[in-house]
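Q: So I've got this file, run.txt, and it contains compact mmCIF, C-alpha atoms:
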```
# COMPACT_ATOMS: atom_id res chain seq x y z
CA GLU M 114 19.45 -2.77 -29.42
CA ASN M 115 16.08 -4.10 -30.48
CA PHE M 116 12.77 -3.33 -28.93
CA MET M 117 10.66 -6.15 -27.94
CA LEU M 118 7.30 -7.51 -27.09
CA TYR M 119 6.99 -10.91 -25.48
CA ILE M 120 4.53 -13.02 -27.47
CA THR M 121 3.47 -16.48 -26.26
CA LYS M 122 3.94 -19.37 -28.66
CA ASN M 123 0.32 -19.86 -29.68
CA HIS M 124 0.08 -16.24 -30.87
CA LEU M 125 3.11 -16.23 -33.14
CA LYS M 126 2.36 -15.45 -36.79
CA PRO M 127 4.46 -15.74 -39.95
CA GLY M 128 6.15 -12.42 -40.71
CA MET M 129 6.98 -11.51 -37.10
CA ILE M 130 10.65 -10.73 -36.55
CA LEU M 131 12.61 -12.23 -33.65
CA ALA M 132 14.20 -9.65 -31.36
CA LYS M 133 16.41 -12.03 -29.36
CA ASP M 134 18.32 -15.23 -30.10
CA ILE M 135 16.64 -18.44 -28.99
CA TYR M 136 18.95 -21.02 -27.50
CA LEU M 137 18.19 -24.61 -26.69
CA TYR M 138 19.94 -26.17 -23.76
CA ASN M 139 20.31 -29.91 -24.03
CA ARG M 140 22.39 -32.65 -22.59
CA ASN M 141 24.97 -33.04 -25.26
CA ASN M 142 26.30 -29.93 -26.85
CA PHE M 143 24.50 -27.81 -24.31
CA SER M 144 23.80 -24.53 -25.95
CA THR M 145 22.47 -24.61 -29.51
CA LEU M 146 21.21 -21.57 -31.34
CA LEU M 147 17.71 -22.51 -32.50
CA LEU M 148 16.82 -19.20 -34.20
CA ALA M 149 18.76 -15.96 -34.41
CA GLU M 150 17.73 -12.40 -33.73
CA GLY M 151 16.39 -10.69 -36.87
CA GLN M 152 14.96 -13.95 -38.24
CA VAL M 153 11.56 -13.55 -39.89
CA LEU M 154 9.23 -16.25 -38.56
CA ASN M 155 7.50 -18.67 -40.90
CA ASN M 156 5.33 -21.69 -40.13
CA ILE M 157 8.31 -24.05 -40.00
CA TYR M 158 10.08 -21.91 -37.39
CA ILE M 159 6.89 -21.44 -35.40
CA ASN M 160 6.40 -25.23 -35.34
CA ARG M 161 9.99 -25.61 -34.16
CA ILE M 162 9.39 -23.19 -31.29
CA ASN M 163 6.28 -25.15 -30.29
CA TYR M 164 8.03 -28.48 -30.64
CA HIS M 165 10.73 -27.44 -28.17
CA ASN M 166 8.22 -26.29 -25.55
CA ILE M 167 9.44 -22.72 -25.72
CA GLU M 168 6.77 -20.69 -23.93
CA GLY M 169 7.14 -17.48 -25.90
CA VAL M 170 9.64 -15.29 -27.70
CA TYR M 171 10.55 -11.62 -27.97
CA ILE M 172 9.32 -10.00 -31.20
CA GLU M 173 10.45 -6.67 -32.65
CA ASN M 174 7.98 -3.81 -32.52
CA GLU M 175 8.46 -0.16 -33.45
CA ALA M 176 5.91 1.15 -30.97
CA PHE M 177 7.94 -0.22 -28.08
CA SER M 178 11.36 1.09 -29.07
CA ASP M 179 12.17 1.97 -25.45
CA ILE M 180 11.78 -1.57 -24.16
CA ILE M 181 15.12 -3.28 -23.93
CA VAL M 182 15.49 -6.71 -22.39
CA GLU M 183 19.06 -7.46 -21.46
CA SER M 184 20.43 -10.81 -20.40
CA TYR M 185 20.59 -11.04 -16.63
CA ILE M 186 24.02 -12.57 -16.74
CA ASP M 187 26.37 -12.74 -19.71
CA ASP M 188 25.33 -15.47 -22.17
CA ASN M 189 28.76 -17.12 -22.21
CA LEU M 190 28.84 -17.20 -18.43
CA LYS M 191 25.37 -18.71 -18.46
CA THR M 192 26.45 -21.49 -20.83
CA GLU M 193 29.60 -22.12 -18.80
CA SER M 194 27.54 -22.28 -15.59
CA LEU M 195 25.03 -24.71 -17.07
CA LYS M 196 27.85 -26.94 -18.35
CA SER M 197 29.50 -26.98 -14.94
CA ILE M 198 26.24 -27.87 -13.20
CA ARG M 199 25.49 -30.55 -15.77
CA ASP M 200 28.94 -32.15 -15.60
CA THR M 201 29.02 -32.14 -11.81
CA TYR M 202 25.50 -33.55 -11.56
CA TYR M 203 26.13 -36.33 -14.07
CA GLU M 204 29.40 -37.22 -12.41
CA PHE M 205 27.44 -37.52 -9.15
CA GLN M 206 24.84 -39.72 -10.84
CA ILE M 207 27.24 -42.02 -12.68
CA SER M 208 29.48 -42.58 -9.68
CA SER M 209 26.46 -43.16 -7.39
CA GLY M 210 27.13 -40.05 -5.40
CA LYS M 211 30.89 -39.73 -5.43
CA ILE M 212 32.03 -36.29 -6.38
CA ASN M 213 35.43 -34.97 -7.20
CA ALA M 214 36.88 -31.92 -5.53
CA PHE M 215 38.18 -30.48 -8.77
CA MET M 216 34.68 -30.04 -10.21
CA ILE M 217 33.50 -28.27 -7.09
CA LYS M 218 36.50 -25.98 -7.37
CA GLN M 219 35.60 -25.21 -11.00
CA MET M 220 32.04 -24.47 -9.99
CA SER M 221 33.20 -22.15 -7.20
CA LEU M 222 35.21 -20.14 -9.73
CA ILE M 223 32.16 -19.77 -11.95
CA VAL M 224 30.01 -18.71 -8.99
CA ASN M 225 32.68 -16.14 -8.23
CA ASN M 226 32.30 -14.71 -11.73
CA ILE M 227 28.53 -14.51 -11.38
CA VAL M 228 28.86 -12.71 -8.04
CA THR M 229 31.33 -10.24 -9.55
CA GLU M 230 29.04 -9.57 -12.49
CA LEU M 231 25.94 -9.09 -10.35
CA LEU M 232 27.77 -6.79 -7.93
CA TYR M 233 28.52 -4.47 -10.86
CA LYS M 234 24.92 -4.26 -12.05
CA ASP M 235 23.12 -0.98 -11.34
CA ASN M 236 19.77 -2.60 -11.35
CA LEU M 237 19.17 -6.10 -10.09
CA ALA M 238 15.67 -6.53 -11.54
CA TYR M 239 15.52 -10.19 -12.52
CA ASN M 240 13.55 -9.33 -15.61
CA LEU M 241 13.48 -12.67 -17.23
CA VAL M 242 10.82 -14.62 -18.92
CA ASP M 243 13.48 -17.18 -19.48
CA PHE M 244 13.16 -19.71 -22.22
CA LYS M 245 12.92 -22.78 -20.08
CA ASN M 246 12.65 -26.17 -21.69
CA TYR M 247 12.32 -29.46 -19.86
CA ASP M 248 15.41 -31.28 -20.98
CA SER M 249 17.74 -29.23 -18.86
CA TYR M 250 15.21 -28.12 -16.26
CA THR M 251 17.28 -29.20 -13.27
CA PHE M 252 20.39 -27.40 -14.49
CA GLN M 253 18.59 -24.21 -15.46
CA HIS M 254 16.68 -24.30 -12.21
CA CYS M 255 19.89 -24.57 -10.19
CA LEU M 256 21.47 -21.69 -12.08
CA ASN M 257 18.35 -19.52 -11.65
CA VAL M 258 18.23 -20.30 -7.93
CA ALA M 259 21.92 -19.44 -7.58
CA VAL M 260 21.47 -16.14 -9.41
CA LEU M 261 18.32 -15.22 -7.48
CA SER M 262 19.96 -16.14 -4.16
CA ILE M 263 23.03 -14.05 -4.92
CA SER M 264 20.83 -11.11 -6.01
CA THR M 265 18.77 -11.37 -2.83
CA GLY M 266 22.00 -11.52 -0.81
CA ILE M 267 23.25 -8.37 -2.56
CA SER M 268 20.01 -6.60 -1.67
CA MET M 269 20.63 -7.70 1.94
CA GLN M 270 24.19 -6.35 1.69
CA LEU M 271 25.85 -9.65 2.52
CA SER M 272 29.63 -9.82 2.11
CA GLU M 273 31.13 -11.13 -1.10
CA HIS M 274 32.35 -14.22 0.73
CA LYS M 275 28.77 -15.00 1.81
CA LEU M 276 27.46 -14.32 -1.69
CA ASN M 277 29.91 -16.89 -3.06
CA ASP M 278 28.76 -19.44 -0.49
CA ILE M 279 25.10 -18.91 -1.18
CA GLY M 280 25.69 -19.06 -4.94
CA LEU M 281 27.49 -22.38 -4.57
CA ALA M 282 24.64 -23.70 -2.42
CA GLY M 283 22.19 -22.63 -5.13
CA MET M 284 24.15 -24.42 -7.84
CA LEU M 285 24.38 -27.63 -5.83
CA HIS M 286 21.07 -27.65 -3.95
CA ASP M 287 19.35 -30.28 -6.11
CA ILE M 288 22.29 -32.55 -6.85
CA GLY M 289 20.76 -35.20 -4.57
CA LYS M 290 17.93 -35.57 -7.08
CA MET M 291 20.36 -37.29 -9.45
CA LEU M 292 20.04 -40.43 -7.32
CA ILE M 293 16.23 -40.44 -7.58
CA PRO M 294 14.63 -42.45 -10.42
CA ILE M 295 13.54 -40.11 -13.21
CA GLU M 296 10.05 -41.62 -13.32
CA VAL M 297 9.47 -40.54 -9.72
CA LEU M 298 11.00 -37.12 -10.33
CA ASN M 299 8.89 -36.30 -13.39
CA LYS M 300 5.75 -38.22 -12.53
CA PRO M 301 2.76 -36.36 -14.00
CA GLY M 302 0.25 -37.57 -11.38
CA LYS M 303 0.12 -37.39 -7.61
CA LEU M 304 3.00 -39.07 -5.77
CA THR M 305 2.32 -42.03 -3.53
CA MET M 306 3.57 -41.80 0.07
CA GLU M 307 6.49 -44.08 -0.85
CA GLU M 308 7.46 -41.91 -3.81
CA TYR M 309 7.26 -38.75 -1.75
CA GLU M 310 9.56 -40.35 0.84
CA ILE M 311 12.04 -41.07 -1.96
CA ILE M 312 11.91 -37.43 -3.12
CA LYS M 313 12.50 -36.31 0.45
CA THR M 314 15.87 -38.07 0.49
CA HIS M 315 17.43 -35.62 -1.99
CA PRO M 316 18.79 -33.01 0.45
CA ALA M 317 20.53 -35.64 2.58
CA ASN M 318 21.79 -37.57 -0.48
CA ALA M 319 23.71 -34.44 -1.33
CA THR M 320 25.07 -33.51 2.07
CA LYS M 321 26.38 -37.02 2.73
CA GLN M 322 28.59 -36.79 -0.34
CA LEU M 323 29.58 -33.15 -0.20
CA ARG M 324 30.60 -33.27 3.44
CA ASN M 325 34.28 -32.46 3.09
CA LEU M 326 34.10 -30.62 -0.20
CA VAL M 327 32.14 -27.46 0.58
CA PRO M 328 32.02 -25.09 3.58
CA HIS M 329 29.77 -26.16 6.44
CA GLU M 330 27.32 -23.29 5.86
CA VAL M 331 26.87 -24.33 2.23
CA LEU M 332 26.22 -27.88 3.36
CA ARG M 333 23.56 -26.72 5.81
CA ALA M 334 21.83 -24.61 3.18
CA ILE M 335 21.62 -27.57 0.81
CA GLU M 336 20.32 -29.87 3.51
CA ASP M 337 17.69 -27.40 4.71
CA HIS M 338 16.33 -25.87 1.50
CA HIS M 339 12.98 -27.64 2.03
CA GLU M 340 12.65 -26.77 5.71
CA LYS M 341 9.93 -24.29 6.69
CA LEU M 342 9.81 -21.83 9.57
CA ASP M 343 6.75 -23.49 11.10
CA GLY M 344 8.48 -26.89 11.22
CA THR M 345 6.41 -28.55 8.48
CA GLY M 346 9.33 -28.94 6.07
CA TYR M 347 11.72 -31.86 5.47
CA PRO M 348 14.03 -33.72 6.06
CA ASN M 349 14.32 -32.75 9.74
CA GLY M 350 11.27 -30.59 10.48
CA LYS M 351 13.53 -27.76 11.67
CA LYS M 352 11.95 -24.57 12.97
CA ASP M 353 12.67 -20.84 13.12
CA ASP M 354 16.23 -20.04 14.14
CA ASN M 355 17.38 -23.58 13.53
CA ILE M 356 17.13 -22.83 9.83
CA SER M 357 20.17 -20.87 8.69
CA LEU M 358 19.98 -17.59 6.79
CA TYR M 359 21.34 -19.21 3.61
CA SER M 360 18.63 -21.87 3.76
CA ARG M 361 15.94 -19.23 4.16
CA ILE M 362 17.17 -17.36 1.11
CA LEU M 363 17.55 -20.55 -0.90
CA SER M 364 14.09 -21.87 -0.07
CA ILE M 365 12.35 -18.72 -1.32
CA CYS M 366 14.35 -18.65 -4.55
CA ASP M 367 13.80 -22.37 -5.06
CA VAL M 368 10.01 -22.16 -4.71
CA TYR M 369 9.83 -19.07 -6.89
CA ASP M 370 11.78 -20.58 -9.76
CA ALA M 371 10.02 -23.94 -9.53
CA LEU M 372 6.57 -22.36 -9.64
CA THR M 373 7.42 -20.05 -12.53
CA SER M 374 8.69 -23.00 -14.62
CA ASP M 375 6.66 -25.41 -16.69
CA ARG M 376 6.82 -28.92 -15.28
CA PRO M 377 5.53 -32.23 -16.64
CA TYR M 378 2.92 -32.30 -13.84
CA ARG M 379 1.69 -28.70 -14.03
CA LYS M 380 1.87 -25.49 -16.01
CA SER M 381 3.97 -22.58 -14.85
CA ILE M 382 2.35 -19.91 -12.73
CA PHE M 383 2.74 -16.21 -13.53
CA PRO M 384 5.37 -14.41 -11.45
CA ASN M 385 2.83 -12.03 -9.91
CA GLU M 386 0.78 -14.96 -8.58
CA VAL M 387 3.90 -16.58 -7.17
CA VAL M 388 4.78 -13.34 -5.36
CA GLU M 389 1.31 -13.32 -3.82
CA TYR M 390 1.68 -16.95 -2.82
CA LEU M 391 5.06 -16.31 -1.18
CA MET M 392 3.72 -13.27 0.69
CA GLY M 393 0.75 -15.33 1.82
CA CYS M 394 3.10 -17.93 3.29
CA ALA M 395 5.43 -15.41 4.91
CA ASP M 396 6.37 -16.29 8.48
CA LYS M 397 4.65 -19.67 8.25
CA GLN M 398 7.08 -21.04 5.69
CA PHE M 399 9.32 -18.19 4.62
CA ASP M 400 11.25 -15.52 6.42
CA TYR M 401 9.49 -12.21 5.82
CA LYS M 402 12.68 -10.14 6.19
CA VAL M 403 14.35 -12.15 3.43
CA LEU M 404 11.20 -12.06 1.33
CA LYS M 405 11.13 -8.27 1.40
CA HIS M 406 14.59 -8.22 -0.19
CA PHE M 407 13.74 -11.01 -2.60
CA ILE M 408 10.78 -9.14 -4.03
CA LYS M 409 12.99 -6.15 -4.72
CA VAL M 410 15.12 -8.17 -7.11
CA ILE M 411 12.46 -10.07 -8.98
CA VAL M 412 9.92 -8.67 -11.32
CA ALA M 413 6.26 -9.60 -11.14
CA TYR M 414 5.49 -8.40 -14.65
CA PRO M 415 8.51 -8.61 -16.95
CA VAL M 416 8.95 -5.71 -19.41
CA GLY M 417 7.54 -6.41 -22.83
CA THR M 418 4.75 -8.58 -21.46
CA PHE M 419 1.05 -7.86 -21.78
CA VAL M 420 -1.11 -7.15 -18.76
CA LYS M 421 -4.79 -6.55 -18.27
CA LEU M 422 -5.86 -3.63 -16.09
CA SER M 423 -8.84 -3.43 -13.77
CA SER M 424 -10.23 -0.78 -16.13
CA GLY M 425 -10.59 -3.55 -18.72
CA LYS M 426 -7.79 -2.14 -20.87
CA LEU M 427 -4.83 -4.04 -22.18
CA ALA M 428 -1.32 -2.65 -21.73
CA VAL M 429 2.33 -3.56 -22.15
CA VAL M 430 4.83 -3.25 -19.29
CA VAL M 431 7.50 -0.70 -20.18
CA LYS M 432 9.39 -0.21 -16.93
CA ASN M 433 9.43 -1.66 -13.42
CA HIS M 434 10.00 0.06 -10.08
CA SER M 435 11.90 -1.89 -7.44
CA GLU M 436 10.03 0.07 -4.73
CA ASN M 437 6.85 -1.69 -5.78
CA ILE M 438 7.03 -4.52 -8.28
CA LEU M 439 3.26 -4.72 -8.57
CA ARG M 440 2.93 -1.14 -9.95
CA PRO M 441 4.97 -0.82 -13.17
CA LEU M 442 4.85 1.86 -15.86
CA VAL M 443 2.60 0.53 -18.63
CA ARG M 444 1.64 1.60 -22.16
CA ILE M 445 -2.04 1.31 -23.04
CA ILE M 446 -3.15 -0.50 -26.16
CA ASN M 447 -6.40 0.86 -27.58
CA SER M 448 -9.17 -1.46 -28.68
CA ASP M 449 -8.34 -0.78 -32.35
CA GLY M 450 -4.76 -1.97 -31.74
CA THR M 451 -3.21 1.49 -31.80
CA ILE M 452 -0.93 2.66 -29.01
CA GLY M 453 -2.41 4.77 -26.23
CA GLU M 454 -0.85 6.69 -23.38
CA ASP M 455 1.71 5.69 -20.79
CA ILE M 456 0.45 5.27 -17.26
CA ASP M 457 2.75 5.02 -14.27
CA LEU M 458 0.80 2.91 -11.81
CA LEU M 459 3.18 3.85 -9.01
CA TYR M 460 3.43 7.61 -9.43
CA ASP M 461 0.38 8.69 -11.44
CA GLU M 462 -2.14 10.04 -8.94
CA ASP M 463 -5.01 9.58 -11.38
CA TYR M 464 -4.48 5.84 -11.56
CA MET M 465 -4.07 4.87 -7.92
CA SER M 466 -7.25 2.82 -8.04
CA ILE M 467 -6.26 0.89 -11.16
CA THR M 468 -4.60 -2.46 -10.63
CA ILE M 469 -3.20 -5.17 -12.85
CA VAL M 470 -5.68 -8.03 -12.79
CA ASP M 471 -4.02 -10.51 -15.08
CA MET M 472 -1.22 -11.23 -17.45
CA GLY M 473 -3.04 -10.45 -20.68
CA TYR M 474 -2.31 -13.43 -22.86
CA ASP M 475 -5.85 -14.31 -23.87
CA TYR M 476 -5.45 -11.80 -26.69
CA GLU M 477 -8.59 -12.78 -28.62
CA ASN M 478 -10.84 -11.18 -26.03
CA CYS M 479 -8.75 -8.04 -25.88
CA ASP M 480 -8.85 -6.75 -29.45
CA LEU M 481 -5.15 -7.31 -29.56
CA ILE M 482 -5.35 -8.55 -33.10
CA GLY M 483 -4.70 -4.98 -34.27
CA ILE M 484 -1.38 -4.68 -32.51
CA LEU M 485 -0.32 -8.16 -33.51
CA LYS M 486 -0.99 -7.14 -37.13
CA SER M 487 1.15 -4.07 -36.63
CA VAL M 488 3.94 -6.27 -35.29
CA ILE M 489 4.23 -7.87 -38.71
```
With the file now loaded, output its structure as structure tokens.
A:
Amino acid sequence: ENFMLYITKNHLKPGMILAKDIYLYNRNNFSTLLLAEGQVLNNIYINRINYHNIEGVYIENEAFSDIIVESYIDDNLKTESLKSIRDTYYEFQISSGKINAFMIKQMSLIVNNIVTELLYKDNLAYNLVDFKNYDSYTFQHCLNVAVLSISTGISMQLSEHKLNDIGLAGMLHDIGKMLIPIEVLNKPGKLTMEEYEIIKTHPANATKQLRNLVPHEVLRAIEDHHEKLDGTGYPNGKKDDNISLYSRILSICDVYDALTSDRPYRKSIFPNEVVEYLMGCADKQFDYKVLKHFIKVIVAYPVGTFVKLSSGKLAVVVKNHSENILRPLVRIINSDGTIGEDIDLLYDEDYMSITIVDMGYDYENCDLIGILKSVI
């Protein structure tokens, strides 16, 4: 296993060694290996990473030999899932919303495999700074939402049957968007009222067509994933108990993944900020009981990423605690770029007053040049 630091694309330097394969997901052959683990970066490769909008990559580093980033679900299963979502979604688009039962059956089998795999995991920390690139955003988003929804459901101790339902709802929740013109979907500026009304048709577009193909509860979840507890959501302005449990889980996972992804109309937001946003909207938009389980399975500061502490120091996240995702174990980086001590923000009494104030990617101001040199 390699040990890794997550370095954002504008800080990559020739000589750094990749610690994890980089795959591109595109429409045609789906999963292409762009660069392989162990590859030494040069300017050509760095340009390629930038060209494909890959936010950052994992780089090998001796000083962080205890940081291991595993795939959340098996890579083959991920590729199979993305293919299934893509094929089903394109079928829906080409046939103007008709969908064949066989493809839904295939997708259900794949969801089953994901549920089985996640049920066997000891630790459900969704520790992913995933390499998201626009071309397949919808498909990756649907897979992420399915995985997050299943993980949240596991934390809530839902039955396997329910986990399968919620996973299927996650995979299919945005299929209605395939009937919306791409220029409205990816518009960089503010939507007009008319355009927003078009966007708001996507949940119902889906439920109309899926009516006899998926269980009723799955249908409801898809239709209601934009409803909010206070009644300000769409399409039906449902409130409180009228919004099913699956929909409540789905809506949190949907917002989380959307906000942590780069979109044509805005940059991604760091996971910790999204967590704060979700907590701030609890009970107005989101179900607080579900949210409490959701934040046990996600990670605010993925391992291998840099953070800035309130003491002004820079550190790297080494380990997360599900009891409190905002207080990980971190390793200090001294101003000369050497490695300092480990601080456990959750259990170290001496550091109770220290908080993480930022994801520390403006390296220039943090004397990080030293450690980046030592990475090479």
Q: Tell me which of M:Ser435, M:Asn189, M:Gln206, M:Asn166 sits closest to Lys409 in chain M, counting only C-alpha atoms.
A: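 Of M:Ser435, M:Asn189, M:Gln206, M:Asn166, the one nearest Lys409 in chain M, counting only C-alpha atoms, is M:Ser435.
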Q: Please identify all polymer residues within 10 Å of Ser221 in chain M, counting only C-alpha atoms, omitting same-chain residues fewer than 6 positions from it, and present them as a list in words.
A: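 Counting only C-alpha atoms, the residues come to Ser197, Phe215, Ile227, Asn277, Asp278, Gly280, Leu281, Ala282, Met284 and Val327 of chain M.
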Q: What is the distance, in Å and to one decimal place, between CA of Phe177 in chain M and CA of Asp375 in chain M?
A: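 Value for the CA of Phe177 in chain M-CA of Asp375 in chain M distance: 27.7 Å.
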Q: Show which residues sit within 7 Å of Asn156 in chain M, as a list in words. Count all atoms listed in the file, and ignore same-chain residues fewer than 3 positions away.
A: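 Using all atoms listed in the file, the neighbours found are Pro127, Ile159 and Asn160 of chain M.
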Q: Restricting the calculation to only C-alpha atoms: of M:Ile335, M:Pro294, M:His434, M:Ile446, which residue gets closest to Phe419 in chain M?
A: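 Ranking M:Ile335, M:Pro294, M:His434, M:Ile446 by distance to Phe419 in chain M, first place goes to M:Ile446.
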Q: Hey, can you check how far CA of Gly266 in chain M sits from CA of Leu323 in chain M?
A: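 Atom-to-atom, CA of Gly266 in chain M and CA of Leu323 in chain M are spaced 22.9 Å apart.
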Q: What is the CA of Asp200 in chain M to CA of Leu137 in chain M distance in Å?
A: 17.2 Å
Q: Smallest atom-to-atom distance to Ile167 in chain M: which of M:Lys351, M:Lys122, M:Lys211, M:His254, using all atoms listed in the file?
A: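 Counting all atoms listed in the file, the residue closest to Ile167 in chain M is M:Lys122.
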Q: If we count all atoms listed in the file, what is near Asn236 in chain M at a cut-off of 12 Å, once residues fewer than 5 positions away on the same chain are taken out, given as a ChimeraX atom specification?
A: /M:183,185,230-231,264,267-268,409-412,433-435
Q: Considering only C-alpha atoms, can you say which of M:Pro348, M:Ser144, M:Tyr202, M:Lys321 comes closest to Lys290 in chain M?
A: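 When distances to Lys290 in chain M are compared using only C-alpha atoms, the smallest one comes from M:Tyr202.
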Q: Padding of 6 Å on every side, edges along x, y and z, all listed atoms of range 449-452 of chain M included: what centre and edge lengths in Å, to one decimal, does that box have, as JSON?
A:
```
{"center_x": -4.6, "center_y": 0.3, "center_z": -30.7, "size_x": 19.4, "size_y": 16.6, "size_z": 15.3}
```
Q: Name all residues at most 8 Å from Leu439 in chain M (count all atoms listed in the file; drop same-chain ones fewer than 4 positions away) and give them as a ChimeraX atom specification.
A: /M:385,413-414,469
Q: Would you pick out the contacts of range 394-404 of chain M at 6 Å or less, using only C-alpha atoms, so that residues sharing its chain but fewer than 3 positions from it are not included, and give the list as an NGL selection string?
A: :M and (341-343 or 391 or 407)
Q: Let me make sure I understand: among M:Leu146, M:Leu358, M:Ile288, M:Ile408, which one has the smallest atom-to-atom distance to Tyr203 in chain M if we use only C-alpha atoms?
A: M:Ile288
Q: For each of M:Leu118, M:Pro301, M:Val182, M:Ser424, take the minimum atom-to-atom distance to Lys380 in chain M, counting only C-alpha atoms, then give the residue where this is smallest.
A: M:Pro301
Q: Taking N, CA, C and O atoms as the atom set, what does range 273-285 of chain M look like once completed, written as a compact mmCIF listing (two decimals), in the coordinates of the input?
A:
```txt
# COMPACT_ATOMS: atom_id res chain seq x y z
N GLU M 273 30.87 -10.38 0.13
CA GLU M 273 31.13 -11.13 -1.10
C GLU M 273 31.40 -12.61 -0.80
O GLU M 273 30.98 -13.50 -1.54
N HIS M 274 32.07 -12.84 0.31
CA HIS M 274 32.35 -14.22 0.73
C HIS M 274 31.04 -14.99 0.93
O HIS M 274 30.87 -16.13 0.49
N LYS M 275 30.08 -14.35 1.58
CA LYS M 275 28.77 -15.00 1.81
C LYS M 275 28.02 -15.19 0.50
O LYS M 275 27.34 -16.20 0.29
N LEU M 276 28.13 -14.21 -0.39
CA LEU M 276 27.46 -14.32 -1.69
C LEU M 276 28.01 -15.52 -2.47
O LEU M 276 27.26 -16.25 -3.13
N ASN M 277 29.32 -15.72 -2.38
CA ASN M 277 29.91 -16.89 -3.06
C ASN M 277 29.38 -18.19 -2.46
O ASN M 277 29.07 -19.14 -3.19
N ASP M 278 29.29 -18.23 -1.14
CA ASP M 278 28.76 -19.44 -0.49
C ASP M 278 27.32 -19.72 -0.91
O ASP M 278 26.96 -20.85 -1.23
N ILE M 279 26.52 -18.67 -0.89
CA ILE M 279 25.10 -18.91 -1.18
C ILE M 279 24.90 -19.27 -2.65
O ILE M 279 24.04 -20.07 -3.01
N GLY M 280 25.76 -18.70 -3.52
CA GLY M 280 25.69 -19.06 -4.94
C GLY M 280 26.05 -20.52 -5.15
O GLY M 280 25.40 -21.23 -5.92
N LEU M 281 27.08 -20.97 -4.46
CA LEU M 281 27.49 -22.38 -4.57
C LEU M 281 26.37 -23.30 -4.05
O LEU M 281 26.07 -24.33 -4.67
N ALA M 282 25.76 -22.90 -2.96
CA ALA M 282 24.64 -23.70 -2.42
C ALA M 282 23.51 -23.77 -3.45
O ALA M 282 22.91 -24.83 -3.67
N GLY M 283 23.24 -22.65 -4.10
CA GLY M 283 22.19 -22.63 -5.13
C GLY M 283 22.50 -23.58 -6.27
O GLY M 283 21.65 -24.37 -6.71
N MET M 284 23.74 -23.55 -6.73
CA MET M 284 24.15 -24.42 -7.84
C MET M 284 24.03 -25.91 -7.49
O MET M 284 23.72 -26.74 -8.32
N LEU M 285 24.31 -26.22 -6.23
CA LEU M 285 24.38 -27.63 -5.83
C LEU M 285 23.12 -28.14 -5.13
O LEU M 285 23.03 -29.32 -4.82
```
